[in-house]
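> What follows is a structure written as structure tokens; I'll ask about it next.
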Amino acid sequence: MADKIILRDLQVRTILGNDSWERKKLQPVVITAEIHTSIAMAGKEDKLTGSVHYGMACKRVMKLAESNHGILSLEAFTEEVARACIDVTGCGLAVYVYARNPRALLHAEYAGVEIYRTRKDLFGSWTNDSTEEENMQEAGSAIAARAAAVDAGGVLKSEDNLVIKHLSLSTIIGINLWERHYKQVLNISLTIHTARSTEGTVGVHDKTSRPWTYRKVADEVTEMVEKTSYRTVEALAIAIARTAIKQCKVPKLTVRVEKPSAVVFAACSAVEITRSIDDFSTSSALTSGVASLNLSAVASVAPTPQHSGSPVTGSSVVAAINDADADTHSAYIALGSNIGDRLANLHQALVYLNTDLPQSRLVDTSFLYETAPMYMTDQPLFLNAACKVQTKLEPLMLLEELKRIEAKMGRDFTAIRNGPRPIDLDILFYDELSMETEKLTIPHALLHERRFQLGPLCDINTDLMHHRLGRTSGALNRHLTTHSGAPNDIVKVTPLKTRNHTQSSDVEGSVVKTLSPDTQKKTVAMGILNCTPDSFSDGGQHDSVVRAVEHAQELLSSGADIIDIGGQSTRPGATQVGVEAEIERVVPVIKRIRELGIEVPISVDTFHADVAAAALDAGADIVNDVTGGHFDSQMLALVAQRQCPFIIMHMRGNPSTMTTLNDYSEYDGDVIRGTRFELAQRVRAALDAGIPRWNIILDPGIGFAKEGVQNFEVLRRLSELTARHIRAASGAAIHPSTGGDNQDSEEGLIDENLATELVDYPVLVGSSRKRFIGHATGRTDAKDRVWGTAATVTAAIQGGAGIVRVHDVAEMVDVARVSDHIYR
């Protein structure tokens, strides 16, 4: 066993990225170092020449801290401290370093890094002269000493530890009655175990390629703990481990939860556990994150060109996908347009990124934003978005290809800088590469001041590390939003109309609306036009083109913002009429509305791809599918190719069977939990099919596979549909099959394993005149349920719905306007 020379709690001051207030300031770092060596000679001769001079080690560490080292992470700084300590003399065989930053986190005692390195780890050789080592005949005692030094590292031979010590949080915790009324302070310590790189540690690697940092872990754990009210510390400890591992992608974690107020005559009671990703394993289909878009499915639908440029072709898509392999890179690209048809420009850019960018494929998109121009402010508003591309192209070649696409779409590079443009494609990140050349800077040189780029980027990834600034993309966006004093000039919008149906193609035809609860001021009213003889409320009233068009005009004059036209009843027990009959009912009506010069957005209510295609050809803008693309396997590919808004509703079975499919016992009887889980699967399928995130609208499916009380539950908890996390419903039972570490707690947040997050998606609610209202009011005739519908519309708006689908437009517009004044 090696002897040790120890420096304990050496305090230095240095700059390491940003402090707990995200400022680039001097920060204290407390360092403990243990240098493994042999003091036998020094002990025998009483001379320091045979040992490690701790004074010299101390000076080297202090010199490092005070130098202009440019190190941004505590991990890299700890590595350099190890190098400084062991390089004092050739006698040092290994070093243990524990560096702590007490100002890293606001509510924690410190964040620290614990590592163990041998001389060979740090310098690639056991001696200062590698040639000498290769040529010399090693003494048996030297070999044994080095082997002992390696073994002395214990678990730190193969892993490093990142420590968050005593994160002090307040929450409801305990089984006693009085503990359910008052929050208690808990001290939570987290040790993140990370595998050492197989490439060794020679040289400093100041990059955090993993998808987490200690700040993100602390933020996620803080948010979770302060929202929960567990009865036992054991359950809370497991929930913390689950959050860090599943939300932050931490590979392995030790959690210690201390409850200082638990025992009167003890400092605390505590629970400590260690968990890894294997303890919370789930289906890869649900946890693998963003899958690559199914572009071959997109290409299989014959296009109806709406914009100049190459159509999607199957061969080029397949080639792009087949070219993608393990050596691809992730590039995050910003898109912007403010002249011509802005939305069509962005959609066309996605087509080119899918099919015309060599050795690349599009794998994710952001939401859509309307933003005020920067730098040159006297120009039209922009539409901005971002996307993620997997590519084999090197950064400079990718830049050239993006410029080629911009030129192909009509961008004039001789025009004034930062002026109007049909398309702008900027590389924001390329993996986590830092580079600066005359032509290209990565990350983008101005990203930190551009909310119109950071906002969309953070829809896709908040954890990209900007190494020059020492902040993640999420931290940059948060700082710009909350600290910069910049105006709130970026608004999330949703397309409702994709083209102009009566004017020339060079006139912008898109209609974008803000449907976000944070910014929406006016609820969008969707008027129902049933061209059916058997709809539950108004069947047979609009079964001719003339009568249907007259009713459409009445809906518009009453204040409808969208007309939803359907030719197939979806009432409980309805039978299917067939594709041809459905087309005959809806297409002539749509054509006639457009012939009259009416430019209102039109939605087609259908679950048949052929009907949707015919309706879009006739002038419809939106596809409203009550099955969310599940019934017809071609629907998602059609919507992706046509680049139209898509309403994804939650439903089980079909209209003939859905009333028997309202058992949500597999979700502990929680209808919102079941709706979220199953709706997320349909959203994931839509994204994977190539439908941009900004074209998706959610519908919880009031009255579909839900009995009366369940519909009221959905309305009462509507805001939870798009929440990041939800609690178990009051009184919900714990599912006995979950067991162990995956067991849900009725006092905590549910571990849902959603196929994709539903946060920030716009919501449509269609409760008008439905049977559950009649059950509550005793009104058997659907036409008499207007006042009951009014109550549900108010509840929907309070819950964050951006669109309400209604029969009685005039009355519900009034209800919505008053509700808007109350809740928006």
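Residues are named by chain letter and number: chains run A, B, ... in the order of the structure tokens, numbers start at 1 in each chain, and ligands are numbered from 1 in the order shown.
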Would you mind listing what lies within 9 Å of Pro373 in chain A as a PDB file with N, CA, C and O atoms, in the first residue's frame, with only C-alpha atoms counted and same-chain residues fewer than 2 positions away left out?

ATOM      1  N   ASN A 338     -38.670  36.240 -43.989  1.00  0.00           N
ATOM      2  CA  ASN A 338     -39.580  37.375 -43.764  1.00  0.00           C
ATOM      3  C   ASN A 338     -40.050  38.049 -45.052  1.00  0.00           C
ATOM      4  O   ASN A 338     -40.643  39.132 -44.995  1.00  0.00           O
ATOM      5  N   THR A 371     -41.199  36.669 -35.008  1.00  0.00           N
ATOM      6  CA  THR A 371     -40.264  37.487 -34.246  1.00  0.00           C
ATOM      7  C   THR A 371     -40.042  38.832 -34.911  1.00  0.00           C
ATOM      8  O   THR A 371     -40.121  38.970 -36.134  1.00  0.00           O
ATOM      9  N   TYR A 375     -31.272  44.247 -35.444  1.00  0.00           N
ATOM     10  CA  TYR A 375     -30.205  44.948 -36.171  1.00  0.00           C
ATOM     11  C   TYR A 375     -30.795  45.936 -37.175  1.00  0.00           C
ATOM     12  O   TYR A 375     -30.643  47.137 -37.031  1.00  0.00           O
ATOM     13  N   MET A 376     -31.458  45.439 -38.205  1.00  0.00           N
ATOM     14  CA  MET A 376     -32.155  46.312 -39.158  1.00  0.00           C
ATOM     15  C   MET A 376     -33.650  46.128 -38.902  1.00  0.00           C
ATOM     16  O   MET A 376     -34.272  45.173 -39.353  1.00  0.00           O
ATOM     17  N   THR A 377     -34.238  47.065 -38.171  1.00  0.00           N
ATOM     18  CA  THR A 377     -35.596  46.859 -37.655  1.00  0.00           C
ATOM     19  C   THR A 377     -36.697  47.274 -38.620  1.00  0.00           C
ATOM     20  O   THR A 377     -37.857  46.901 -38.422  1.00  0.00           O
ATOM     21  N   ASP A 378     -36.349  48.048 -39.663  1.00  0.00           N
ATOM     22  CA  ASP A 378     -37.365  48.511 -40.609  1.00  0.00           C
ATOM     23  C   ASP A 378     -37.566  47.475 -41.715  1.00  0.00           C
ATOM     24  O   ASP A 378     -37.183  47.676 -42.867  1.00  0.00           O
ATOM     25  N   GLN A 379     -38.170  46.350 -41.350  1.00  0.00           N
ATOM     26  CA  GLN A 379     -38.457  45.283 -42.293  1.00  0.00           C
ATOM     27  C   GLN A 379     -39.556  44.407 -41.698  1.00  0.00           C
ATOM     28  O   GLN A 379     -39.872  44.508 -40.513  1.00  0.00           O
ATOM     29  N   PRO A 380     -40.153  43.512 -42.496  1.00  0.00           N
ATOM     30  CA  PRO A 380     -41.275  42.704 -41.996  1.00  0.00           C
ATOM     31  C   PRO A 380     -40.859  41.748 -40.886  1.00  0.00           C
ATOM     32  O   PRO A 380     -39.681  41.418 -40.707  1.00  0.00           O
ATOM     33  N   LEU A 381     -41.874  41.277 -40.137  1.00  0.00           N
ATOM     34  CA  LEU A 381     -41.643  40.277 -39.106  1.00  0.00           C
ATOM     35  C   LEU A 381     -41.141  38.974 -39.728  1.00  0.00           C
ATOM     36  O   LEU A 381     -41.470  38.639 -40.855  1.00  0.00           O
ATOM     37  N   PHE A 382     -40.375  38.237 -38.943  1.00  0.00           N
ATOM     38  CA  PHE A 382     -39.836  36.949 -39.388  1.00  0.00           C
ATOM     39  C   PHE A 382     -40.677  35.796 -38.861  1.00  0.00           C
ATOM     40  O   PHE A 382     -41.301  35.898 -37.798  1.00  0.00           O
ATOM     41  N   ASN A 418     -28.294  41.519 -42.941  1.00  0.00           N
ATOM     42  CA  ASN A 418     -29.374  41.488 -41.952  1.00  0.00           C
ATOM     43  C   ASN A 418     -30.677  42.079 -42.475  1.00  0.00           C
ATOM     44  O   ASN A 418     -31.566  42.415 -41.688  1.00  0.00           O
ATOM     45  N   GLY A 419     -30.770  42.222 -43.808  1.00  0.00           N
ATOM     46  CA  GLY A 419     -31.997  42.737 -44.406  1.00  0.00           C
ATOM     47  C   GLY A 419     -33.001  41.643 -44.694  1.00  0.00           C
ATOM     48  O   GLY A 419     -32.814  40.477 -44.315  1.00  0.00           O
ATOM     49  N   ASP A 489     -40.037  39.854 -27.836  1.00  0.00           N
ATOM     50  CA  ASP A 489     -40.387  40.030 -29.241  1.00  0.00           C
ATOM     51  C   ASP A 489     -40.371  38.721 -30.007  1.00  0.00           C
ATOM     52  O   ASP A 489     -40.172  38.692 -31.208  1.00  0.00           O
TER      53      ASP A 489
END
> Show which residues sit within 12 Å of Ile442 in chain A, as a PyMOL selection string. Count only C-alpha atoms, and ignore same-chain residues fewer than 3 positions away.
chain A and resi 331-333+395-396+399+426-439+445-448+465-469
> Run DSSP on the backbone and tell me which residues of range 625-671 of chain A come out as strand (DSSP E); list them as a list in words.
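Across range 625-671 of chain A, those assigned strand (DSSP E) are Asp625, Phe646, Ile647, Ile648 and Met649 of chain A.
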> Give me, as a list of chain:residue names, all polymer residues having an atom no more than 7 Å from Leu346 in chain A, counting only C-alpha atoms and skipping those fewer than 4 positions away in the same chain.
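Near Leu346 in chain A, the qualifying residues are A:Leu335, A:Ser337, A:Arg342, A:Leu350.
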> Based on DSSP run over this structure's backbone, return all residues of range 50-252 of chain A in helix (DSSP H, G or I), as number ranges by chain.
A: 50, 54-66, 74-86, 119-123, 130-135, 140-151, 154-157, 177-180, 214-227, 233-247
